[in-house]
file run.txt (compact mmCIF, C-alpha atoms and all ligand atoms)
# COMPACT_ATOMS: atom_id res chain seq x y z
CA MET B 1 46.74 114.32 135.41
CA ASN B 2 45.42 115.71 132.14
CA PRO B 3 44.57 112.68 129.97
CA ALA B 4 44.70 114.77 126.78
CA ARG B 5 48.38 115.57 127.18
CA PRO B 6 51.15 113.01 126.73
CA HIS B 7 52.64 111.75 129.97
CA VAL B 8 56.40 111.86 130.37
CA LEU B 9 58.70 110.45 133.04
CA VAL B 10 62.03 112.13 133.83
CA SER B 11 64.07 109.45 135.54
CA ARG B 12 66.72 111.57 137.30
CA ALA B 13 67.08 115.11 138.62
CA ILE B 14 67.76 117.63 135.88
CA PHE B 15 67.99 121.42 135.42
CA PRO B 16 64.66 122.86 136.66
CA GLU B 17 64.30 124.83 133.42
CA ILE B 18 64.13 121.54 131.52
CA ILE B 19 61.27 120.32 133.69
CA ASP B 20 59.56 123.68 133.05
CA ARG B 21 60.04 123.28 129.28
CA LEU B 22 58.64 119.76 129.29
CA ALA B 23 55.73 120.82 131.49
CA GLN B 24 54.61 123.27 128.78
CA HIS B 25 53.76 120.25 126.61
CA PHE B 26 53.34 117.25 128.87
CA ASP B 27 52.13 115.95 132.18
CA VAL B 28 55.54 115.40 133.73
CA GLU B 29 56.52 113.07 136.53
CA ALA B 30 59.93 114.34 137.58
CA ASN B 31 62.48 113.01 140.05
CA GLN B 32 64.04 116.21 141.35
CA ALA B 33 64.84 114.44 144.63
CA ASP B 34 67.12 112.27 142.45
CA GLU B 35 66.06 109.00 144.01
CA LEU B 36 67.76 105.96 142.51
CA TRP B 37 64.66 103.95 141.67
CA PRO B 38 65.07 100.20 141.67
CA ARG B 39 64.25 98.76 138.27
CA ASP B 40 60.77 97.53 139.25
CA GLU B 41 59.89 100.97 140.56
CA PHE B 42 61.21 102.61 137.39
CA ILE B 43 59.04 100.26 135.32
CA ARG B 44 56.00 100.90 137.54
CA ARG B 45 56.43 104.68 137.15
CA LEU B 46 56.92 104.32 133.40
CA GLN B 47 53.62 102.50 132.94
CA GLY B 48 51.03 104.79 131.36
CA LYS B 49 53.72 107.18 130.08
CA GLN B 50 54.29 107.91 126.39
CA GLY B 51 57.80 109.27 126.80
CA VAL B 52 60.79 108.97 129.09
CA PHE B 53 63.82 111.21 129.59
CA THR B 54 66.75 108.96 130.52
CA THR B 55 70.29 109.90 131.48
CA GLY B 56 72.19 106.83 130.31
CA GLY B 57 71.92 104.53 133.31
CA GLU B 58 68.38 103.22 132.79
CA ARG B 59 68.22 100.01 130.80
CA ILE B 60 65.39 99.94 128.25
CA ASP B 61 64.97 96.39 127.02
CA ALA B 62 62.27 93.91 126.00
CA ASP B 63 61.08 93.46 129.62
CA VAL B 64 60.53 97.19 130.09
CA LEU B 65 58.86 97.52 126.69
CA LYS B 66 56.53 94.62 127.40
CA ALA B 67 55.50 96.14 130.74
CA CYS B 68 54.96 99.60 129.20
CA PRO B 69 52.95 99.10 126.00
CA GLY B 70 51.98 102.79 125.74
CA LEU B 71 55.58 103.97 125.51
CA LYS B 72 56.47 105.81 122.28
CA ILE B 73 59.88 107.40 122.84
CA CYS B 74 62.94 107.10 125.08
CA ALA B 75 65.17 110.18 124.89
CA ASN B 76 68.67 109.63 126.26
CA MET B 77 70.58 112.63 127.56
CA ALA B 78 73.84 111.01 126.44
CA VAL B 79 75.53 110.34 123.14
CA GLY B 80 76.20 106.72 124.16
CA TYR B 81 73.11 104.55 124.21
CA ASN B 82 74.32 101.15 125.31
CA ASN B 83 71.53 101.30 127.93
CA PHE B 84 69.04 100.95 125.05
CA ASP B 85 68.28 97.66 123.32
CA VAL B 86 67.56 99.44 120.04
CA PRO B 87 66.46 96.33 118.07
CA ALA B 88 63.94 95.51 120.85
CA MET B 89 62.75 99.12 120.81
CA THR B 90 62.37 99.04 117.04
CA ALA B 91 60.45 95.77 117.25
CA ALA B 92 58.13 97.36 119.83
CA GLY B 93 57.70 100.52 117.70
CA VAL B 94 59.41 102.70 120.32
CA LEU B 95 61.64 105.54 119.12
CA ALA B 96 65.12 105.85 120.61
CA THR B 97 67.00 109.15 120.56
CA ASN B 98 70.43 110.16 121.89
CA ALA B 99 72.30 113.46 122.26
CA PRO B 100 75.11 113.56 119.69
CA GLY B 101 77.18 116.56 118.60
CA VAL B 102 76.57 118.89 121.53
CA LEU B 103 79.18 117.27 123.80
CA THR B 104 81.93 116.56 121.26
CA GLU B 105 84.40 119.33 122.10
CA THR B 106 83.78 119.20 125.86
CA THR B 107 84.43 115.45 125.95
CA ALA B 108 87.53 115.81 123.77
CA ASP B 109 88.81 118.43 126.23
CA MET B 110 88.35 115.89 129.02
CA GLY B 111 90.30 113.33 127.03
CA PHE B 112 93.16 115.78 126.78
CA ALA B 113 92.90 116.73 130.45
CA LEU B 114 93.27 113.06 131.41
CA LEU B 115 96.06 112.52 128.90
CA MET B 116 98.05 115.49 130.23
CA ALA B 117 97.36 114.61 133.85
CA ALA B 118 98.38 110.98 133.38
CA ALA B 119 101.48 111.64 131.26
CA ARG B 120 102.72 114.46 133.52
CA ARG B 121 101.61 112.80 136.76
CA VAL B 122 99.56 115.80 137.82
CA THR B 123 97.25 114.23 140.40
CA GLU B 124 99.96 111.94 141.72
CA SER B 125 102.18 115.02 142.20
CA GLU B 126 99.43 116.86 143.99
CA HIS B 127 98.84 113.97 146.40
CA PHE B 128 102.61 113.83 147.05
CA LEU B 129 102.74 117.55 147.77
CA ARG B 130 99.64 117.57 149.99
CA ALA B 131 101.03 114.65 151.93
CA GLY B 132 104.03 116.85 152.87
CA LYS B 133 106.49 114.64 150.98
CA TRP B 134 108.05 117.46 148.90
CA ASP B 135 111.21 118.39 150.79
CA ARG B 136 113.76 118.86 147.99
CA TRP B 137 114.33 119.06 144.21
CA ALA B 138 115.23 115.75 142.60
CA TYR B 139 116.13 115.10 138.96
CA ASP B 140 113.61 112.29 138.75
CA MET B 141 110.88 113.58 141.04
CA MET B 142 107.51 112.93 139.38
CA ILE B 143 109.27 112.54 136.06
CA GLY B 144 106.80 111.69 133.31
CA GLN B 145 106.37 111.51 129.55
CA ASP B 146 106.17 114.22 126.90
CA VAL B 147 102.89 114.98 125.19
CA PHE B 148 104.03 117.61 122.68
CA GLY B 149 105.46 116.02 119.53
CA SER B 150 104.68 112.46 120.60
CA THR B 151 102.50 109.88 118.83
CA LEU B 152 98.81 110.01 119.69
CA GLY B 153 96.81 106.88 119.03
CA ILE B 154 93.03 107.01 118.87
CA LEU B 155 90.78 103.97 118.93
CA GLY B 156 87.41 104.98 117.49
CA MET B 157 87.23 107.87 115.05
CA GLY B 158 83.73 109.32 115.33
CA ARG B 159 83.06 112.93 116.21
CA ILE B 160 84.87 112.83 119.57
CA GLY B 161 87.83 110.88 118.19
CA GLN B 162 88.24 113.49 115.45
CA ALA B 163 88.05 116.30 118.01
CA VAL B 164 90.79 114.61 120.05
CA ALA B 165 92.86 114.20 116.86
CA ARG B 166 92.54 117.90 116.05
CA ARG B 167 93.75 118.86 119.50
CA GLY B 168 96.73 116.53 119.19
CA ALA B 169 97.78 117.47 115.66
CA LEU B 170 97.07 121.19 115.68
CA GLY B 171 97.68 122.07 119.33
CA PHE B 172 100.39 119.66 120.41
CA GLY B 173 102.27 118.88 117.18
CA MET B 174 101.49 115.19 117.63
CA ASN B 175 101.75 112.50 115.03
CA VAL B 176 98.19 111.15 115.06
CA ILE B 177 97.33 107.56 114.17
CA TYR B 178 93.95 105.90 114.53
CA HIS B 179 92.06 102.69 114.16
CA ASN B 180 88.35 102.43 113.55
CA ARG B 181 85.90 99.85 112.24
CA SER B 182 85.87 101.79 108.99
CA ARG B 183 88.49 104.13 107.63
CA LEU B 184 87.58 107.81 107.29
CA PRO B 185 87.31 109.31 103.80
CA GLU B 186 90.66 110.82 102.77
CA ALA B 187 89.46 114.42 103.09
CA GLU B 188 88.30 113.82 106.67
CA GLU B 189 91.60 112.14 107.54
CA ALA B 190 93.45 115.13 106.11
CA ALA B 191 91.27 117.59 108.05
CA VAL B 192 92.27 116.01 111.37
CA LYS B 193 95.79 115.07 110.19
CA ALA B 194 95.38 111.43 111.21
CA ARG B 195 96.74 108.27 109.60
CA TYR B 196 94.81 105.00 109.59
CA VAL B 197 96.65 101.96 110.99
CA GLY B 198 95.75 98.42 112.06
CA LYS B 199 94.87 97.86 115.71
CA GLN B 200 98.17 96.09 116.45
CA GLU B 201 100.23 98.94 114.99
CA LEU B 202 98.13 101.42 116.95
CA LEU B 203 98.83 99.62 120.21
CA GLN B 204 102.54 99.17 119.51
CA THR B 205 103.23 102.68 118.21
CA ALA B 206 101.12 105.05 120.32
CA ASP B 207 102.84 107.01 123.07
CA HIS B 208 99.37 107.95 124.30
CA LEU B 209 96.28 105.96 123.41
CA VAL B 210 92.80 107.49 123.75
CA LEU B 211 89.75 105.23 123.60
CA VAL B 212 86.63 106.69 122.04
CA VAL B 213 84.78 103.62 120.76
CA PRO B 214 81.13 102.97 121.64
CA TYR B 215 80.50 100.11 124.04
CA SER B 216 79.09 96.95 122.46
CA ALA B 217 79.50 93.20 122.77
CA GLU B 218 82.25 93.60 120.15
CA SER B 219 84.16 96.29 122.07
CA HIS B 220 83.79 94.59 125.48
CA HIS B 221 87.31 94.15 126.92
CA SER B 222 88.80 95.09 123.57
CA ILE B 223 91.70 96.42 125.65
CA GLY B 224 92.68 93.48 127.84
CA ALA B 225 95.91 91.80 128.96
CA ALA B 226 96.98 90.85 125.41
CA GLU B 227 96.44 94.37 124.03
CA LEU B 228 98.11 96.03 127.04
CA ALA B 229 101.13 93.76 126.55
CA LEU B 230 101.60 95.23 123.07
CA MET B 231 101.78 98.81 124.35
CA LYS B 232 105.01 100.64 125.14
CA PRO B 233 105.93 100.56 128.84
CA THR B 234 106.20 104.35 128.63
CA ALA B 235 102.70 104.73 127.18
CA THR B 236 99.57 106.20 128.72
CA LEU B 237 96.03 104.93 128.17
CA VAL B 238 92.99 107.20 128.38
CA ASN B 239 89.38 106.00 128.41
CA ILE B 240 86.64 108.60 127.91
CA ALA B 241 84.26 106.19 126.17
CA ARG B 242 82.63 103.55 128.35
CA GLY B 243 83.54 101.22 131.15
CA GLY B 244 83.86 97.63 130.02
CA ILE B 245 85.90 98.49 126.92
CA VAL B 246 88.99 98.08 129.11
CA ASP B 247 89.49 95.06 131.34
CA ASP B 248 90.05 97.06 134.54
CA VAL B 249 91.74 94.19 136.40
CA ALA B 250 94.22 93.61 133.57
CA LEU B 251 94.88 97.36 133.38
CA ALA B 252 95.51 97.64 137.12
CA LYS B 253 97.97 94.74 136.89
CA ALA B 254 99.85 96.39 133.99
CA LEU B 255 99.97 99.71 135.87
CA ARG B 256 101.09 98.06 139.10
CA GLU B 257 103.86 96.16 137.32
CA ARG B 258 104.86 99.35 135.41
CA ARG B 259 104.30 97.60 132.10
CA LEU B 260 102.28 100.71 131.29
CA ALA B 261 103.39 104.12 132.57
CA ALA B 262 100.02 105.66 133.40
CA ALA B 263 96.32 105.81 132.67
CA GLY B 264 93.52 108.33 132.83
CA LEU B 265 90.04 106.90 133.26
CA ASP B 266 86.68 108.65 133.30
CA VAL B 267 84.61 105.49 132.92
CA PHE B 268 84.64 102.12 134.67
CA GLU B 269 83.20 98.67 134.41
CA GLY B 270 80.33 98.54 136.94
CA GLU B 271 80.51 102.28 137.74
CA PRO B 272 79.93 104.06 140.06
CA ARG B 273 81.96 101.30 141.70
CA VAL B 274 85.65 101.44 140.82
CA HIS B 275 87.70 98.27 141.03
CA PRO B 276 89.84 98.32 144.21
CA ASP B 277 92.91 97.28 142.19
CA LEU B 278 92.66 100.55 140.26
CA LEU B 279 92.09 102.57 143.43
CA ALA B 280 95.33 101.09 144.77
CA CYS B 281 97.42 102.31 141.78
CA SER B 282 99.10 105.71 142.09
CA ASN B 283 99.79 105.98 138.35
CA VAL B 284 96.16 106.30 137.28
CA VAL B 285 94.06 109.45 137.20
CA LEU B 286 90.45 108.63 138.09
CA THR B 287 87.43 110.86 137.42
CA PRO B 288 83.74 110.04 137.97
CA HIS B 289 82.36 110.01 134.38
CA ILE B 290 82.49 113.78 133.93
CA GLY B 291 83.51 113.90 130.25
CA SER B 292 80.56 116.10 129.27
CA ALA B 293 80.20 117.86 132.61
CA THR B 294 80.30 121.57 131.85
CA VAL B 295 77.30 123.82 132.43
CA PRO B 296 76.73 124.76 128.75
CA THR B 297 77.21 121.22 127.50
CA ARG B 298 75.01 119.52 130.09
CA LYS B 299 72.32 122.13 129.35
CA ALA B 300 72.66 121.53 125.61
CA MET B 301 72.38 117.75 126.12
CA ALA B 302 69.31 118.10 128.33
CA ASN B 303 67.68 120.51 125.88
CA LEU B 304 68.37 118.14 123.00
CA ALA B 305 66.70 115.26 124.89
CA ALA B 306 63.75 117.59 125.61
CA ASP B 307 63.67 118.68 121.94
CA ASN B 308 63.39 115.02 120.96
CA LEU B 309 60.48 114.37 123.35
CA ILE B 310 58.66 117.54 122.33
CA GLY B 311 59.39 117.12 118.62
CA TYR B 312 58.19 113.53 118.51
CA LEU B 313 55.26 113.54 120.89
CA THR B 314 53.79 116.82 119.66
CA GLY B 315 54.60 116.73 115.94
CA GLY B 316 56.18 113.40 115.01
CA LYS B 317 59.54 115.11 114.34
CA PRO B 318 62.40 114.07 116.64
CA VAL B 319 65.79 115.75 116.15
CA THR B 320 68.24 112.87 116.58
CA PRO B 321 66.43 109.55 116.11
CA LEU B 322 68.43 106.31 116.33
CA ASN B 323 65.76 104.10 114.77
CA PRO B 324 63.79 106.42 112.44
CA GLU B 325 62.25 103.34 110.80
CA VAL B 326 59.67 103.18 113.62
CA MET B 327 58.20 106.42 112.27
CA GLY B 328 57.09 104.49 109.18
C1 LIG B 401 78.31 110.17 128.20
O1 LIG B 401 78.95 109.26 128.63
C2 LIG B 401 77.53 110.13 127.01
O2 LIG B 401 77.44 109.06 126.39
O3 LIG B 401 76.97 111.16 126.65
call {"tool": "encode", "arguments": {"input": "run.txt", "output": "structure tokens"}}
result
Amino acid sequence: MNPARPHVLVSRAIFPEIIDRLAQHFDVEANQADELWPRDEFIRRLQGKQGVFTTGGERIDADVLKACPGLKICANMAVGYNNFDVPAMTAAGVLATNAPGVLTETTADMGFALLMAAARRVTESEHFLRAGKWDRWAYDMMIGQDVFGSTLGILGMGRIGQAVARRGALGFGMNVIYHNRSRLPEAEEAAVKARYVGKQELLQTADHLVLVVPYSAESHHSIGAAELALMKPTATLVNIARGGIVDDVALAKALRERRLAAAGLDVFEGEPRVHPDLLACSNVVLTPHIGSATVPTRKAMANLAADNLIGYLTGGKPVTPLNPEVMG
């Protein structure tokens, strides 16, 4: 180890070119074998490091910060940062960065892919066909719901929510309604052709509801049995945000009882485990948290996390800081 260079831990396997980039500036401990380190091992490896490249699954909280007093920056290769206790990081003088912007369109595409697949029963149809069950035409075989011209509801209207709205309004002639903690300025609403409504109206009116809110104590189970009961029985629900926003057990019950037509889920409470009740439902499309998973986007996210580490540890200038106040 070169004591003059900052030491950086990369917690999971990543594009080799990113390791090469980091190695130009730092002594890097990488994990290209992609071992899933238990938390105590992660903490042990982080001790003596000034920076860490995280991928969204590693919790950085007061215990980690206390055990790693030399830590200066945690760079998340994800736009969501619910794995970071930002107030604790700020109190410890540790910079937090995330990877916003670069995955917006790719994740919005995934939202639409799930919406289309759920509403038009694409994966269910494929399973039916592969199982050799397709032996005739039938007027109601795999009959689903229209997307074009329907009402698209969006919960959460940040960058990704707006990108989903644009797809709906401009590409699919949808009537777009949204609910968010704060209403968008009028010009931004007009740009994405979306109308602000209360949460109850959103739930009751949407033909397709896409969730794009960040996970927090406030958004935990914000779609549960009561909210699902307000939705149309013909509606679809799509979650491309975070597991835990939806009560998965309540959703599985609503899907099973056909009180909700279909769902498309990329994120799950307790992932990578998926609740068995959801696995047992045929009217849900399930994907393993791949919203941002295209080659250009994953490379852009990884480079942005690397930019943050390099910018901060070599010149005090991170690109996307979450708690810039620690820089004084
Ligand atoms: C992915 O889930 C992200 O937050 O970037």
call {"tool": "residues_near_ligand", "arguments": {"input": "run.txt", "ligand": "ligand LIG 401 (chain B)", "cutoff": "12 Å", "atoms": "all atoms listed in the file", "output": "JSON, numbers by chain"}}
result
{"B": [54, 55, 56, 57, 75, 76, 77, 78, 79, 80, 81, 82, 83, 84, 97, 98, 99, 100, 101, 102, 103, 104, 105, 106, 107, 108, 110, 160, 212, 213, 214, 215, 239, 240, 241, 242, 243, 266, 267, 268, 271, 288, 289, 290, 291, 292, 293, 297, 298, 300, 301, 302, 304, 305]}
call {"tool": "axis_aligned_box", "arguments": {"input": "run.txt", "around": "segment 186-194 of chain B", "padding_each_side": "6 Å", "output": "lines of an AutoDock Vina configuration file"}}
result
center_x = 92.0
center_y = 114.2
center_z = 107.1
size_x = 19.5
size_y = 18.8
size_z = 20.6
call {"tool": "residues_around", "arguments": {"input": "run.txt", "residues": "Leu152 of chain B", "least_positions_apart": "4", "cutoff": "8 Å", "atoms": "only C-alpha atoms", "output": "compact mmCIF listing (two decimals) with C-alpha atoms, in the frame of the given file"}}
result
# COMPACT_ATOMS: atom_id res chain seq x y z
CA ALA B 165 92.86 114.20 116.86
CA GLY B 168 96.73 116.53 119.19
CA MET B 174 101.49 115.19 117.63
CA ASN B 175 101.75 112.50 115.03
CA VAL B 176 98.19 111.15 115.06
CA ILE B 177 97.33 107.56 114.17
CA ALA B 206 101.12 105.05 120.32
CA ASP B 207 102.84 107.01 123.07
CA HIS B 208 99.37 107.95 124.30
CA LEU B 209 96.28 105.96 123.41
CA VAL B 210 92.80 107.49 123.75
call {"tool": "residues_around", "arguments": {"input": "run.txt", "residues": "Gly149 of chain B", "least_positions_apart": "2", "cutoff": "8 Å", "atoms": "only C-alpha atoms", "output": "PyMOL selection string"}}
result
chain B and resi 146-147+151+172-175
call {"tool": "atom_distance", "arguments": {"input": "run.txt", "atom1": "atom CA of Glu188 of chain B", "atom2": "atom CA of Gln162 of chain B"}}
result
8.8 Å
call {"tool": "closest_residue", "arguments": {"input": "run.txt", "among": "B:Ala118, B:Leu309, B:Phe148, B:Arg166", "to": "Ala235 of chain B", "atoms": "all atoms listed in the file"}}
result
B:Ala118
call {"tool": "closest_residue", "arguments": {"input": "run.txt", "among": "B:Leu155, B:Ala119, B:Ala226, B:Val64", "to": "Val94 of chain B", "atoms": "only C-alpha atoms"}}
result
B:Val64
call {"tool": "closest_residue", "arguments": {"input": "run.txt", "among": "B:Val52, B:Pro16, B:Gln32, B:Phe128", "to": "Ile310 of chain B", "atoms": "all atoms listed in the file"}}
result
B:Val52
call {"tool": "closest_residue", "arguments": {"input": "run.txt", "among": "B:Tyr196, B:Ile43, B:Ala190, B:Leu114", "to": "Leu211 of chain B", "atoms": "all atoms listed in the file"}}
result
B:Leu114
call {"tool": "residues_near_point", "arguments": {"input": "run.txt", "point": "(52.5, 111.2, 130.2)", "cutoff": "6 Å", "atoms": "all atoms listed in the file", "output": "list in words"}}
result
Pro6, His7, Val8, Asp27, Lys49 and Gln50 of chain B
call {"tool": "write_last_selection", "arguments": {"input": "run.txt", "atoms": "C-alpha atoms", "output": "PDB file, in the coordinates of the input"}}
result
ATOM      1  CA  PRO B   6      51.150 113.010 126.730  1.00  0.00           C
ATOM      2  CA  HIS B   7      52.640 111.750 129.970  1.00  0.00           C
ATOM      3  CA  VAL B   8      56.400 111.860 130.370  1.00  0.00           C
ATOM      4  CA  ASP B  27      52.130 115.950 132.180  1.00  0.00           C
ATOM      5  CA  LYS B  49      53.720 107.180 130.080  1.00  0.00           C
ATOM      6  CA  GLN B  50      54.290 107.910 126.390  1.00  0.00           C
TER       7      GLN B  50
END
call {"tool": "closest_residue", "arguments": {"input": "run.txt", "among": "B:Lys66, B:His179, B:Lys72, B:Arg44", "to": "Leu313 of chain B", "atoms": "all atoms listed in the file"}}
result
B:Lys72
call {"tool": "atom_distance", "arguments": {"input": "run.txt", "atom1": "atom CA of Leu278 of chain B", "atom2": "atom CA of Glu227 of chain B"}}
result
17.8 Å
call {"tool": "atom_distance", "arguments": {"input": "run.txt", "atom1": "atom CA of Ala169 of chain B", "atom2": "atom CA of Arg258 of chain B"}}
result
27.7 Å
call {"tool": "residues_around", "arguments": {"input": "run.txt", "residues": "Leu95 of chain B", "least_positions_apart": "5", "cutoff": "8 Å", "atoms": "only C-alpha atoms", "output": "VMD selection string"}}
result
chain B and resid 72 to 74 89 to 90 321 to 324 326 to 327
call {"tool": "write_last_selection", "arguments": {"input": "run.txt", "atoms": "C-alpha atoms", "output": "mmCIF file, in the coordinates of the input"}}
result
data_model
loop_
_atom_site.group_PDB
_atom_site.id
_atom_site.type_symbol
_atom_site.label_atom_id
_atom_site.label_comp_id
_atom_site.auth_asym_id
_atom_site.auth_seq_id
_atom_site.Cartn_x
_atom_site.Cartn_y
_atom_site.Cartn_z
ATOM 1 C CA LYS B 72 56.470 105.810 122.280
ATOM 2 C CA ILE B 73 59.880 107.400 122.840
ATOM 3 C CA CYS B 74 62.940 107.100 125.080
ATOM 4 C CA MET B 89 62.750 99.120 120.810
ATOM 5 C CA THR B 90 62.370 99.040 117.040
ATOM 6 C CA PRO B 321 66.430 109.550 116.110
ATOM 7 C CA LEU B 322 68.430 106.310 116.330
ATOM 8 C CA ASN B 323 65.760 104.100 114.770
ATOM 9 C CA PRO B 324 63.790 106.420 112.440
ATOM 10 C CA VAL B 326 59.670 103.180 113.620
ATOM 11 C CA MET B 327 58.200 106.420 112.270
#
call {"tool": "residues_around", "arguments": {"input": "run.txt", "residues": "Arg12 of chain B", "least_positions_apart": "6", "cutoff": "9 Å", "atoms": "all atoms listed in the file", "output": "list in words"}}
result
Ala30, Asn31, Gln32, Ala33, Asp34, Glu35, Leu36, Phe53, Thr54 and Thr55 of chain B
call {"tool": "closest_residue", "arguments": {"input": "run.txt", "among": "B:Gln145, B:Thr314, B:Gln204, B:Ser125", "to": "Ala4 of chain B", "atoms": "only C-alpha atoms"}}
result
B:Thr314
call {"tool": "residues_around", "arguments": {"input": "run.txt", "residues": "Gly264 of chain B", "least_positions_apart": "6", "cutoff": "9 Å", "atoms": "all atoms listed in the file", "output": "MDAnalysis selection string"}}
result
chainID B and resid 111 113:119 236:240 283:287
